[in-house]
$ cat run-v4.txt   # compact mmCIF, C-alpha atoms
# COMPACT_ATOMS: atom_id res chain seq x y z
CA MET Z 237 -2.36 48.05 2.43
CA ALA Z 238 -3.02 45.29 -0.11
CA LYS Z 239 -6.64 45.22 -1.23
CA GLY Z 240 -8.56 42.09 -2.06
CA SER Z 241 -11.47 41.41 -4.36
CA ILE Z 242 -13.86 38.56 -5.08
CA GLU Z 243 -15.37 37.97 -8.50
CA LYS Z 244 -17.76 35.28 -9.71
CA ARG Z 245 -16.41 33.36 -12.71
CA GLY Z 246 -18.79 30.44 -13.12
CA GLU Z 247 -21.84 28.88 -11.55
CA TYR Z 248 -19.80 27.52 -8.64
CA THR Z 249 -16.41 29.20 -9.16
CA TRP Z 250 -15.07 32.48 -7.80
CA ARG Z 251 -11.81 34.35 -8.38
CA LEU Z 252 -9.92 35.80 -5.42
CA ARG Z 253 -7.46 38.61 -6.20
CA ILE Z 254 -4.98 40.64 -4.15
CA ASP Z 255 -3.81 44.02 -5.46
CA LEU Z 256 -0.16 44.65 -4.55
CA GLY Z 257 0.33 47.69 -6.76
CA PHE Z 258 2.93 47.53 -9.53
CA HIS Z 259 6.01 45.45 -10.38
CA PRO Z 260 9.33 47.31 -10.95
CA ASP Z 261 8.71 46.92 -14.70
CA GLY Z 262 5.46 48.87 -14.40
CA LYS Z 263 3.10 45.87 -14.74
CA ARG Z 264 0.25 45.37 -12.28
CA ASN Z 265 1.01 42.96 -9.45
CA ARG Z 266 -2.31 41.24 -8.82
CA PRO Z 267 -1.94 37.55 -7.87
CA SER Z 268 -5.18 35.59 -8.05
CA ILE Z 269 -6.58 32.11 -7.57
CA GLN Z 270 -9.81 30.46 -8.58
CA ILE Z 271 -11.80 28.44 -6.05
CA GLU Z 272 -14.70 26.10 -6.60
CA ILE Z 273 -17.63 25.80 -4.19
CA GLU Z 274 -18.02 22.16 -3.13
CA ASP Z 275 -20.38 22.50 -0.15
CA THR Z 276 -23.90 21.63 -1.46
CA SER Z 277 -25.62 24.31 0.63
CA LEU Z 278 -23.16 26.96 -0.60
CA MET Z 279 -23.47 25.71 -4.18
CA LYS Z 280 -27.17 26.65 -4.23
CA MET Z 281 -26.34 30.18 -3.04
CA SER Z 282 -23.46 30.47 -5.51
CA ALA Z 283 -25.65 29.40 -8.43
CA LYS Z 284 -28.20 32.14 -7.63
CA CYS Z 285 -25.67 34.95 -7.11
CA ASP Z 286 -24.62 37.02 -10.11
CA LYS Z 287 -22.45 39.28 -7.99
CA TYR Z 288 -20.55 38.89 -4.77
CA THR Z 289 -22.80 41.50 -3.11
CA ASP Z 290 -25.84 39.32 -3.82
CA ALA Z 291 -24.34 36.30 -2.04
CA GLY Z 292 -26.02 34.80 0.98
CA LYS Z 293 -24.55 35.50 4.40
CA LYS Z 294 -23.07 31.99 4.77
CA LEU Z 295 -21.48 32.12 1.32
CA LYS Z 296 -20.15 35.64 1.93
CA GLU Z 297 -18.48 34.54 5.17
CA TYR Z 298 -16.93 31.56 3.38
CA LEU Z 299 -15.54 33.68 0.54
CA ASP Z 300 -14.24 36.32 2.96
CA ASP Z 301 -12.37 33.62 4.91
CA GLU Z 302 -10.89 32.20 1.70
CA LEU Z 303 -9.77 35.67 0.61
CA ALA Z 304 -8.18 36.38 4.00
CA ALA Z 305 -6.29 33.04 3.89
CA PHE Z 306 -5.10 33.75 0.35
CA LYS Z 307 -4.00 37.24 1.36
CA ARG Z 308 -1.93 35.86 4.27
CA LYS Z 309 -0.25 33.39 1.95
CA VAL Z 310 0.61 36.11 -0.58
CA LEU Z 311 1.94 38.57 1.99
CA SER Z 312 4.01 35.89 3.76
CA GLY Z 313 5.81 35.10 0.49
CA ASN Z 314 4.51 31.51 0.37
CA TYR Z 315 2.43 32.01 -2.76
CA VAL Z 316 3.83 31.00 -6.13
CA LYS Z 317 1.80 31.71 -9.22
CA PRO Z 318 0.62 28.26 -10.37
CA GLY Z 319 1.35 28.84 -14.02
CA LYS Z 320 4.97 29.68 -13.27
CA MET Z 321 5.76 26.71 -11.05
CA THR Z 322 7.69 23.89 -12.65
CA PHE Z 323 6.87 20.24 -12.08
CA ALA Z 324 10.15 19.82 -10.14
CA ASP Z 325 9.40 22.80 -7.88
CA PHE Z 326 5.93 21.49 -7.12
CA VAL Z 327 7.25 18.01 -6.29
CA ASN Z 328 10.09 19.32 -4.12
CA LYS Z 329 8.40 22.23 -2.35
CA GLU Z 330 4.75 21.24 -2.20
CA TRP Z 331 4.00 17.55 -2.81
CA ARG Z 332 6.90 16.08 -0.79
CA GLU Z 333 6.84 18.49 2.13
CA LYS Z 334 3.09 19.03 2.53
CA TYR Z 335 1.56 15.75 1.41
CA ALA Z 336 3.74 12.72 0.69
CA LYS Z 337 5.72 12.68 3.95
CA TYR Z 338 2.55 12.75 6.02
CA GLU Z 339 -0.12 10.95 3.99
CA LEU Z 340 1.81 8.13 2.31
CA SER Z 341 3.25 5.11 4.08
CA PRO Z 342 7.08 5.20 4.35
CA THR Z 343 7.38 2.35 1.85
CA THR Z 344 5.01 3.93 -0.70
CA TYR Z 345 6.71 7.30 -0.32
CA LYS Z 346 10.13 5.75 -0.97
CA VAL Z 347 8.92 3.85 -4.05
CA TYR Z 348 7.15 6.90 -5.52
CA ASN Z 349 10.11 9.15 -4.78
CA ASP Z 350 12.58 6.71 -6.38
CA HIS Z 351 10.58 6.65 -9.61
CA LEU Z 352 10.15 10.42 -9.57
CA VAL Z 353 13.89 10.93 -9.27
CA SER Z 354 14.95 8.26 -11.78
CA ARG Z 355 12.25 8.52 -14.46
CA ILE Z 356 9.67 11.27 -14.09
CA LEU Z 357 11.61 14.39 -13.09
CA PRO Z 358 14.22 13.98 -15.88
CA VAL Z 359 11.35 14.17 -18.39
CA PHE Z 360 8.92 16.67 -16.84
CA GLY Z 361 10.92 18.45 -14.12
CA HIS Z 362 11.73 21.56 -16.19
CA GLN Z 363 8.18 22.04 -17.52
CA GLN Z 364 5.58 24.35 -16.02
CA MET Z 365 2.82 22.41 -14.26
CA ASP Z 366 0.04 23.86 -16.40
CA LYS Z 367 1.92 23.19 -19.65
CA ILE Z 368 2.14 19.40 -19.25
CA SER Z 369 -0.48 17.89 -21.55
CA THR Z 370 -2.38 14.63 -21.54
CA ILE Z 371 -0.76 13.49 -24.79
CA GLN Z 372 2.72 14.04 -23.32
CA LEU Z 373 1.85 11.76 -20.42
CA VAL Z 374 0.35 9.16 -22.78
CA THR Z 375 3.57 9.18 -24.82
CA PHE Z 376 5.70 8.91 -21.68
CA LEU Z 377 3.76 5.90 -20.35
CA ASN Z 378 3.77 4.19 -23.77
CA ASN Z 379 7.55 4.62 -24.01
CA LEU Z 380 7.89 2.70 -20.75
CA LYS Z 381 6.38 -0.33 -22.49
CA LYS Z 382 8.99 -0.35 -25.24
CA PRO Z 383 12.20 -2.45 -25.25
CA GLY Z 384 15.09 -0.56 -23.74
CA ALA Z 385 13.01 1.19 -21.08
CA ARG Z 386 14.60 -0.83 -18.28
CA LYS Z 387 17.41 0.76 -16.28
CA ASP Z 388 18.74 -2.45 -14.75
CA GLY Z 389 20.37 -3.69 -17.95
CA LYS Z 390 17.95 -6.60 -18.36
CA LYS Z 391 16.36 -7.33 -21.73
CA GLY Z 392 12.68 -6.90 -22.50
CA PRO Z 393 10.16 -4.17 -21.67
CA LEU Z 394 9.53 -2.72 -18.24
CA ASP Z 395 7.26 -4.89 -16.08
CA ILE Z 396 3.63 -3.74 -16.20
CA GLU Z 397 3.45 -3.57 -12.40
CA THR Z 398 6.39 -1.13 -12.38
CA ILE Z 399 4.65 1.01 -15.01
CA ARG Z 400 1.53 1.04 -12.85
CA VAL Z 401 3.53 2.26 -9.85
CA ILE Z 402 4.97 5.08 -11.99
CA TYR Z 403 1.43 5.91 -13.10
CA ARG Z 404 0.28 6.06 -9.45
CA ALA Z 405 3.20 8.32 -8.53
CA LEU Z 406 2.21 10.72 -11.33
CA LYS Z 407 -1.42 10.54 -10.26
CA SER Z 408 -0.52 11.39 -6.67
CA VAL Z 409 1.39 14.51 -7.77
CA PHE Z 410 -1.17 15.79 -10.29
CA SER Z 411 -4.13 15.10 -7.98
CA CYS Z 412 -2.49 17.26 -5.32
CA ALA Z 413 -1.72 19.99 -7.84
CA GLU Z 414 -5.35 20.08 -8.99
CA LYS Z 415 -6.77 19.97 -5.47
CA TRP Z 416 -4.51 22.80 -4.32
CA LYS Z 417 -5.35 24.91 -7.44
CA PHE Z 418 -1.87 24.83 -8.96
CA ILE Z 419 -3.46 23.53 -12.16
CA VAL Z 420 -6.98 24.04 -13.47
CA SER Z 421 -7.42 20.42 -14.56
CA ASN Z 422 -5.57 17.13 -14.12
CA PRO Z 423 -3.94 16.02 -17.42
CA LEU Z 424 -3.80 12.44 -16.11
CA GLU Z 425 -7.55 12.31 -15.49
CA GLU Z 426 -8.38 10.93 -18.95
CA ILE Z 427 -5.60 8.32 -18.94
CA ASP Z 428 -6.57 4.83 -17.80
CA LYS Z 429 -4.32 2.76 -15.59
CA PRO Z 430 -1.79 0.92 -17.79
CA GLU Z 431 -2.87 -2.63 -18.64
CA LEU Z 432 -1.33 -5.55 -20.48
CA ALA Z 433 -2.72 -6.54 -23.85
CA LYS Z 434 -5.44 -9.23 -23.52
CA GLU Z 435 -3.14 -11.96 -24.80
CA GLU Z 436 -0.48 -10.98 -22.28
CA GLN Z 437 -3.08 -10.82 -19.50
CA VAL Z 438 -4.07 -14.43 -20.19
CA ILE Z 439 -0.41 -15.55 -20.11
CA LYS Z 440 0.18 -13.59 -16.89
CA ALA Z 441 -2.92 -15.08 -15.26
CA LYS Z 442 -1.79 -18.62 -16.14
CA GLU Z 443 1.70 -17.97 -14.78
CA LYS Z 444 0.24 -16.61 -11.55
CA LYS Z 445 -2.06 -19.62 -11.23
CA ASN Z 446 0.78 -22.07 -11.76
CA LYS Z 447 3.14 -20.21 -9.44
CA LYS Z 448 1.64 -20.77 -6.00
CA ASN Z 449 2.93 -18.25 -3.48
CA TYR Z 450 1.97 -20.37 -0.48
CA TYR Z 451 2.81 -23.74 0.98
CA SER Z 452 0.69 -26.88 1.20
CA GLU Z 453 0.72 -28.83 4.47
CA GLN Z 454 3.34 -31.23 3.08
CA GLU Z 455 5.62 -28.38 1.98
CA ALA Z 456 5.15 -26.59 5.29
CA GLN Z 457 6.27 -29.72 7.13
CA GLN Z 458 9.41 -29.78 4.97
CA VAL Z 459 10.08 -26.15 5.97
CA VAL Z 460 9.58 -26.92 9.68
CA ASN Z 461 11.94 -29.92 9.52
CA ALA Z 462 14.64 -27.74 7.95
CA LEU Z 463 14.05 -24.91 10.45
CA TYR Z 464 14.95 -27.24 13.31
CA LYS Z 465 18.47 -27.26 11.92
CA GLU Z 466 18.65 -23.45 12.38
CA SER Z 467 18.89 -21.14 15.40
CA HIS Z 468 15.95 -20.46 17.71
CA LYS Z 469 15.78 -16.86 16.49
CA HIS Z 470 15.46 -17.66 12.80
CA ARG Z 471 13.17 -20.62 13.39
CA LEU Z 472 10.74 -18.59 15.52
CA LEU Z 473 10.91 -15.64 13.12
CA ILE Z 474 9.88 -17.74 10.11
CA LEU Z 475 7.28 -19.71 12.04
CA GLY Z 476 5.88 -16.43 13.35
CA SER Z 477 4.96 -15.54 9.79
CA MET Z 478 3.90 -19.01 8.63
CA ILE Z 479 1.78 -19.83 11.70
CA GLY Z 480 0.92 -16.39 13.10
CA GLY Z 481 0.37 -14.71 9.73
CA PHE Z 482 2.49 -11.71 10.75
CA ARG Z 483 3.88 -9.22 8.25
CA ARG Z 484 7.65 -8.89 8.03
CA GLY Z 485 7.59 -5.35 9.48
CA GLU Z 486 5.41 -6.51 12.38
CA LEU Z 487 7.93 -9.20 13.33
CA ILE Z 488 10.87 -6.78 13.02
CA GLY Z 489 9.07 -4.29 15.28
CA LEU Z 490 7.99 -6.86 17.88
CA GLU Z 491 9.32 -6.28 21.41
CA TRP Z 492 9.25 -8.57 24.44
CA GLN Z 493 6.66 -6.41 26.17
CA GLN Z 494 4.23 -7.43 23.41
CA VAL Z 495 4.84 -11.15 24.07
CA ASN Z 496 2.18 -12.47 26.45
CA PHE Z 497 3.31 -15.82 27.82
CA GLU Z 498 0.34 -16.05 30.18
CA GLU Z 499 -2.27 -15.67 27.41
CA GLU Z 500 0.00 -17.48 24.92
CA GLY Z 501 -0.01 -14.95 22.13
CA LEU Z 502 1.59 -11.88 20.56
CA GLU Z 503 0.26 -8.32 20.62
CA ILE Z 504 0.88 -6.43 17.37
CA GLU Z 505 1.36 -2.71 18.05
CA ASN Z 506 4.38 -1.74 15.96
CA ASN Z 507 5.58 -2.00 12.37
CA ILE Z 508 8.98 -1.33 10.76
CA PRO Z 509 8.35 -1.35 6.99
CA LEU Z 510 11.51 0.54 6.04
CA THR Z 511 15.06 1.41 7.07
CA LYS Z 512 16.30 4.88 6.16
CA ASP Z 513 19.86 6.16 6.66
CA GLY Z 514 20.57 3.10 8.79
CA LYS Z 515 17.66 3.80 11.15
CA PRO Z 516 14.32 1.96 11.33
CA VAL Z 517 11.26 3.87 10.17
CA GLU Z 518 8.63 2.96 12.75
CA LYS Z 519 4.90 3.41 12.42
CA GLY Z 520 1.78 1.71 13.60
CA PRO Z 521 0.46 -1.43 11.92
CA LYS Z 522 -0.94 -1.07 8.39
CA THR Z 523 -4.61 -0.55 9.37
CA ILE Z 524 -6.70 -0.26 12.53
CA SER Z 525 -7.56 -3.95 12.10
CA SER Z 526 -3.83 -4.72 12.10
CA TYR Z 527 -3.63 -3.80 15.79
CA ARG Z 528 -4.40 -7.26 17.10
CA PHE Z 529 -3.66 -10.05 19.56
CA VAL Z 530 -2.84 -13.38 17.90
CA ASP Z 531 -3.02 -16.67 19.77
CA MET Z 532 -0.01 -18.90 19.17
CA PRO Z 533 0.44 -22.66 19.75
CA GLU Z 534 1.63 -23.71 23.20
CA TRP Z 535 4.77 -25.33 21.76
CA TYR Z 536 5.68 -22.09 19.96
CA MET Z 537 5.39 -20.08 23.18
CA GLU Z 538 7.48 -22.67 25.04
CA GLU Z 539 10.24 -22.33 22.45
CA LEU Z 540 9.93 -18.56 22.72
CA LYS Z 541 10.65 -18.83 26.46
CA ILE Z 542 13.84 -20.79 25.74
CA TYR Z 543 14.85 -18.21 23.13
CA LYS Z 544 14.20 -15.36 25.60
CA GLU Z 545 16.77 -16.87 27.96
CA GLU Z 546 19.28 -17.00 25.07
CA TRP Z 547 18.35 -13.40 24.20
CA GLU Z 548 19.01 -12.20 27.76
CA GLN Z 549 22.36 -14.01 27.86
CA GLU Z 550 23.35 -12.49 24.50
CA ARG Z 551 22.61 -8.98 25.77
CA LYS Z 552 24.67 -9.68 28.88
CA ASP Z 553 27.60 -11.04 26.85
CA LEU Z 554 27.64 -8.04 24.49
CA GLY Z 555 27.79 -5.54 27.34
CA ASP Z 556 28.76 -2.12 25.99
CA LYS Z 557 28.44 -3.39 22.43
CA TRP Z 558 24.69 -3.81 22.88
CA GLN Z 559 23.01 -1.26 20.56
CA GLY Z 560 19.39 -1.82 21.53
CA GLY Z 561 19.37 0.69 24.36
CA GLU Z 562 16.09 0.40 26.26
CA ARG Z 563 14.39 -1.20 23.26
CA GLU Z 564 13.93 -4.97 23.42
CA PHE Z 565 13.38 -6.16 19.86
CA VAL Z 566 12.61 -9.89 19.92
CA PHE Z 567 14.25 -10.52 16.55
CA HIS Z 568 17.20 -8.10 16.53
CA ASN Z 569 20.17 -7.77 14.20
CA GLY Z 570 22.65 -9.45 16.54
CA THR Z 571 23.55 -6.32 18.51
CA GLY Z 572 20.10 -5.48 19.91
CA ALA Z 573 19.10 -2.98 17.20
CA ALA Z 574 16.19 -3.53 14.85
CA TYR Z 575 16.83 -5.63 11.74
CA TYR Z 576 17.39 -3.92 8.41
CA TYR Z 577 13.92 -4.21 6.90
CA LYS Z 578 14.92 -6.58 4.08
CA ALA Z 579 17.21 -8.79 6.19
CA PRO Z 580 14.60 -11.47 7.08
CA SER Z 581 13.62 -11.85 3.40
CA ARG Z 582 17.24 -12.24 2.34
CA TRP Z 583 17.89 -14.84 5.06
CA TRP Z 584 14.75 -16.72 4.03
CA GLU Z 585 15.80 -16.86 0.37
CA ARG Z 586 19.24 -18.23 1.29
CA PHE Z 587 17.60 -20.75 3.64
CA CYS Z 588 15.39 -22.12 0.83
CA LYS Z 589 18.39 -22.57 -1.49
CA ARG Z 590 20.43 -24.18 1.28
CA HIS Z 591 17.76 -26.79 2.03
CA GLY Z 592 16.38 -27.29 -1.48
CA ILE Z 593 12.94 -25.91 -0.58
CA ARG Z 594 10.59 -24.40 -3.16
CA TYR Z 595 10.97 -20.64 -2.69
CA ILE Z 596 7.99 -18.40 -2.02
CA THR Z 597 8.20 -14.79 -0.90
CA PHE Z 598 8.30 -13.88 2.79
CA HIS Z 599 4.81 -12.45 2.29
CA GLY Z 600 3.78 -15.84 0.89
CA LEU Z 601 4.74 -17.37 4.24
CA ARG Z 602 2.15 -15.16 5.90
CA HIS Z 603 -0.58 -16.41 3.59
CA SER Z 604 0.47 -20.03 4.04
CA MET Z 605 -1.05 -19.71 7.51
CA GLY Z 606 -4.56 -19.49 6.08
CA THR Z 607 -3.83 -22.30 3.62
CA LEU Z 608 -2.85 -24.67 6.43
CA LEU Z 609 -5.99 -23.83 8.41
CA ILE Z 610 -8.42 -24.15 5.51
CA GLU Z 611 -7.19 -27.28 3.73
CA ASP Z 612 -8.66 -29.77 6.22
CA GLU Z 613 -11.93 -27.93 6.80
CA GLU Z 614 -15.38 -28.87 5.58
CA SER Z 615 -17.25 -26.27 3.52
CA GLU Z 616 -19.75 -25.44 6.28
CA ASN Z 617 -16.85 -24.24 8.44
CA VAL Z 618 -15.11 -22.12 5.77
CA ASP Z 619 -17.00 -18.84 6.33
CA SER Z 620 -16.38 -18.82 10.07
CA LEU Z 621 -12.77 -19.88 9.53
CA LEU Z 622 -12.22 -17.06 7.02
CA LYS Z 623 -13.31 -14.63 9.74
CA VAL Z 624 -10.70 -16.09 12.11
CA ILE Z 625 -8.02 -15.88 9.40
CA GLN Z 626 -9.03 -12.28 8.65
CA GLU Z 627 -8.48 -11.38 12.31
CA ARG Z 628 -5.14 -13.20 12.51
CA LEU Z 629 -3.86 -11.51 9.35
CA GLY Z 630 -5.21 -8.09 10.36
CA HIS Z 631 -7.19 -7.58 7.14
CA ALA Z 632 -9.57 -4.61 7.34
CA LYS Z 633 -12.10 -6.28 5.00
CA LYS Z 634 -13.28 -9.86 4.80
CA SER Z 635 -13.33 -9.51 0.99
CA THR Z 636 -9.52 -9.12 1.04
CA THR Z 637 -9.18 -12.45 2.87
CA GLU Z 638 -11.64 -14.11 0.48
CA ASP Z 639 -9.71 -12.85 -2.55
CA VAL Z 640 -6.44 -14.27 -1.18
CA TYR Z 641 -7.89 -17.69 -0.40
CA VAL Z 642 -10.43 -18.04 -3.22
CA HIS Z 643 -8.46 -21.01 -4.64
CA LEU Z 644 -8.84 -22.88 -1.37
CA THR Z 645 -12.46 -22.09 -0.64
CA LYS Z 646 -13.35 -23.41 -4.10
CA LYS Z 647 -11.40 -26.57 -3.36
CA VAL Z 648 -13.19 -27.15 -0.05
CA LYS Z 649 -16.63 -26.47 -1.51
CA LYS Z 650 -15.87 -28.84 -4.36
CA ARG Z 651 -15.28 -31.59 -1.76
CA THR Z 652 -18.78 -31.02 -0.43
CA THR Z 653 -20.28 -31.21 -3.92
CA ASN Z 654 -18.49 -34.52 -4.43
CA LYS Z 655 -20.47 -35.99 -1.53
CA PHE Z 656 -23.37 -36.30 -3.95
CA ASP Z 657 -21.34 -38.82 -5.98
CA LYS Z 658 -23.05 -41.57 -3.97
CA PHE Z 659 -26.18 -40.90 -5.97
CA SER Z 660 -24.41 -41.49 -9.29
CA ARG Z 661 -25.55 -44.52 -11.35
CA LYS Z 662 -22.11 -44.85 -12.88
CA GLY Z 663 -20.76 -48.37 -12.38
CA THR Z 664 -24.20 -49.92 -11.73
CA ASP Z 665 -26.29 -52.13 -14.04
CA ASN Z 666 -28.98 -49.48 -14.36
CA THR Z 667 -26.95 -46.83 -16.20
CA GLU Z 668 -29.36 -46.03 -18.99
CA THR Z 669 -30.35 -42.40 -19.01
CA PRO Z 670 -34.14 -42.02 -18.92
CA LYS Z 671 -35.60 -40.72 -22.16
CA LEU Z 672 -37.62 -37.54 -22.00
CA ARG Z 673 -41.22 -37.94 -23.10
CA ARG Z 674 -42.57 -35.19 -25.30
CA VAL Z 675 -45.53 -33.43 -23.76
CA LYS Z 676 -48.33 -32.74 -26.25
$ encode --input "run-v4.txt" --output "structure tokens"
Amino acid sequence: MAKGSIEKRGEYTWRLRIDLGFHPDGKRNRPSIQIEIEDTSLMKMSAKCDKYTDAGKKLKEYLDDELAAFKRKVLSGNYVKPGKMTFADFVNKEWREKYAKYELSPTTYKVYNDHLVSRILPVFGHQQMDKISTIQLVTFLNNLKKPGARKDGKKGPLDIETIRVIYRALKSVFSCAEKWKFIVSNPLEEIDKPELAKEEQVIKAKEKKNKKNYYSEQEAQQVVNALYKESHKHRLLILGSMIGGFRRGELIGLEWQQVNFEEEGLEIENNIPLTKDGKPVEKGPKTISSYRFVDMPEWYMEELKIYKEEWEQERKDLGDKWQGGEREFVFHNGTGAAYYYKAPSRWWERFCKRHGIRYITFHGLRHSMGTLLIEDEESENVDSLLKVIQERLGHAKKSTTEDVYVHLTKKVKKRTTNKFDKFSRKGTDNTETPKLRRVK
């Protein structure tokens, strides 16, 4: 029977070892791992113990459990010596299967995985996890900033936001590897998140300020006028985002059972952020706060009733060609099935070109909702209104809402400050500024 041993290595670290005898080549077969005590009560015991036999009862039980778990892993054949595992093996066998698929959102997982396959694995895949150094990662990230790093054929360096996503993908992998003891330390730990040079940051900030990703009331009216030249489905889909503040995936995942005509609002319980292999990837809304009921205007709900009649007739006309089954997606792809996740955005972009409307992203439509509510408000109402907007958008934190609409809250508060203009002496006969008298 395989024997196990526990040996103290540092103040809070212990080595667990399983003795399996000898390899065919005559070398000892003794896999081991090092664990670090993180429980504060156990840390005090660990710091005082020079030997395992001197450990407190609680610490001893903890170490025995860890040894038993390690032994089961070794004997079941699921243990791979960390130093021998390549980066590709860790990504494929550990990170993807035991972390990414369960802890990351479908969209984030897809983005990280795409960058791993196209950029990261070709460089680091063959290397052992514990042999990848900090300087190698620094060089890799710096190379992404150089001309020619793009894979789409376009000129110029890779966009800084793309480099940051690649950085986060690497961080996700190495953080898991460190936490699960496949590496002793994280080589990415000392590398800061990639940033633009200060001069470039200023240029980027100015571009972002000048490029408003939301509509003013006048622009929104132009959109509405153009939407009334389109079908009920597309009009209500776009207005759902611009007036309701719904995310694209929330609208794609909306079913008739979540439409409450009596209370005049929509219940958000589903989200389709991605389509994989032709099938929608469904999950709950983004956060707990994103599960919400949103009141909608009476006229919107009336138009939704008319559209529902068209929807029912369309299902009847399609007959056996209806692909929705028992699902009743409000905004379906034309055959009853859920939209491809990017389809609404593509339709919206074509719509803007067709009608000569300034294009903003589909996500910008969602934030136009708050803009339209805030613009006519007085400053004393802004805080309470931001709370309402937060609830409609499904933001978990009020600070997120404030960050999005900071440009508008400043504008409204400036209007209040301007009320003091009535006390200005400008334009009157008595415009001389009083001289200050020196006090002796």
$ atom_distance --input "run-v4.txt" --atom1 "CA of Lys381 in chain Z" --atom2 "CA of Leu394 in chain Z"
5.8 Å
$ axis_aligned_box --input "run-v4.txt" --around "range 256-266 of chain Z" --padding-each-side "8 Å" --output "AutoDock Vina command-line options"
--center_x 3.5 --center_y 45.1 --center_z -9.6 --size_x 27.6 --size_y 23.6 --size_z 26.2
$ closest_residue --input "run-v4.txt" --among "Z:Gly600, Z:Gly520, Z:Gly361, Z:Gly570" --to "Val327 in chain Z" --atoms "all atoms listed in the file"
Z:Gly361
$ closest_residue --input "run-v4.txt" --among "Z:Glu431, Z:Glu550, Z:Glu247, Z:Glu539" --to "Leu377 in chain Z" --atoms "all atoms listed in the file"
Z:Glu431
$ closest_residue --input "run-v4.txt" --among "Z:His362, Z:Ile474, Z:Glu564, Z:Asp556" --to "Gln493 in chain Z" --atoms "only C-alpha atoms"
Z:Glu564
$ atom_distance --input "run-v4.txt" --atom1 "CA of Ala304 in chain Z" --atom2 "CA of Gly240 in chain Z"
8.3 Å
$ closest_residue --input "run-v4.txt" --among "Z:Gly485, Z:Thr322, Z:Ser526, Z:Glu546" --to "Val359 in chain Z" --atoms "only C-alpha atoms"
Z:Thr322
$ residues_around --input "run-v4.txt" --residues "Pro383 in chain Z" --least-positions-apart "3" --cutoff "12 Å" --atoms "all atoms listed in the file" --output "list of chain:residue names"
Z:Asn378, Z:Asn379, Z:Leu380, Z:Arg386, Z:Lys387, Z:Gly389, Z:Lys390, Z:Lys391, Z:Gly392, Z:Pro393, Z:Leu394, Z:Asp395
$ residues_around --input "run-v4.txt" --residues "Val495 in chain Z" --least-positions-apart "3" --cutoff "10 Å" --atoms "all atoms listed in the file" --output "ChimeraX atom specification"
/Z:490-492,498-504,529,537,540-541,566
$ atom_distance --input "run-v4.txt" --atom1 "CA of Gln364 in chain Z" --atom2 "CA of Ile254 in chain Z"
22.8 Å
$ closest_residue --input "run-v4.txt" --among "Z:Lys578, Z:Lys244, Z:Lys309, Z:His259" --to "Arg484 in chain Z" --atoms "only C-alpha atoms"
Z:Lys578
$ residues_around --input "run-v4.txt" --residues "range 271-282 of chain Z" --least-positions-apart "2" --cutoff "9 Å" --atoms "all atoms listed in the file" --output "ChimeraX atom specification"
/Z:244,246-252,269,284-286,288,291-292,294-295,298,302,417
$ residues_around --input "run-v4.txt" --residues "Pro267 in chain Z" --least-positions-apart "6" --cutoff "12 Å" --atoms "all atoms listed in the file" --output "PyMOL selection string"
chain Z and resi 238-241+251-259+303+306-307+309-311+313+315-320
$ residues_around --input "run-v4.txt" --residues "Ser369 in chain Z" --least-positions-apart "5" --cutoff "9 Å" --atoms "only C-alpha atoms" --output "ChimeraX atom specification"
/Z:374,423-424
$ closest_residue --input "run-v4.txt" --among "Z:Phe482, Z:Glu505, Z:Leu373, Z:Lys382" --to "Lys429 in chain Z" --atoms "all atoms listed in the file"
Z:Leu373
$ build_atoms --input "run-v4.txt" --residues "range 588-596 of chain Z" --atoms "N, CA and C atoms" --output "CSV table (one decimal), in the frame of the given file"
chain,number,residue,atom,x,y,z
Z,588,CYS,N,16.1,-21.3,1.8
Z,588,CYS,CA,15.4,-22.1,0.8
Z,588,CYS,C,16.4,-22.8,-0.1
Z,589,LYS,N,17.4,-22.0,-0.6
Z,589,LYS,CA,18.4,-22.6,-1.5
Z,589,LYS,C,19.2,-23.6,-0.8
Z,590,ARG,N,19.6,-23.3,0.5
Z,590,ARG,CA,20.4,-24.2,1.3
Z,590,ARG,C,19.8,-25.5,1.5
Z,591,HIS,N,18.5,-25.5,1.7
Z,591,HIS,CA,17.8,-26.8,2.0
Z,591,HIS,C,17.0,-27.4,0.9
Z,592,GLY,N,17.1,-26.8,-0.3
Z,592,GLY,CA,16.4,-27.3,-1.5
Z,592,GLY,C,14.9,-27.2,-1.4
Z,593,ILE,N,14.4,-26.1,-0.8
Z,593,ILE,CA,12.9,-25.9,-0.6
Z,593,ILE,C,12.4,-25.0,-1.7
Z,594,ARG,N,11.2,-25.3,-2.2
Z,594,ARG,CA,10.6,-24.4,-3.2
Z,594,ARG,C,10.4,-23.0,-2.5
Z,595,TYR,N,11.0,-22.0,-3.2
Z,595,TYR,CA,11.0,-20.6,-2.7
Z,595,TYR,C,9.6,-19.9,-2.9
Z,596,ILE,N,9.1,-19.4,-1.9
Z,596,ILE,CA,8.0,-18.4,-2.0
Z,596,ILE,C,8.4,-17.1,-1.3
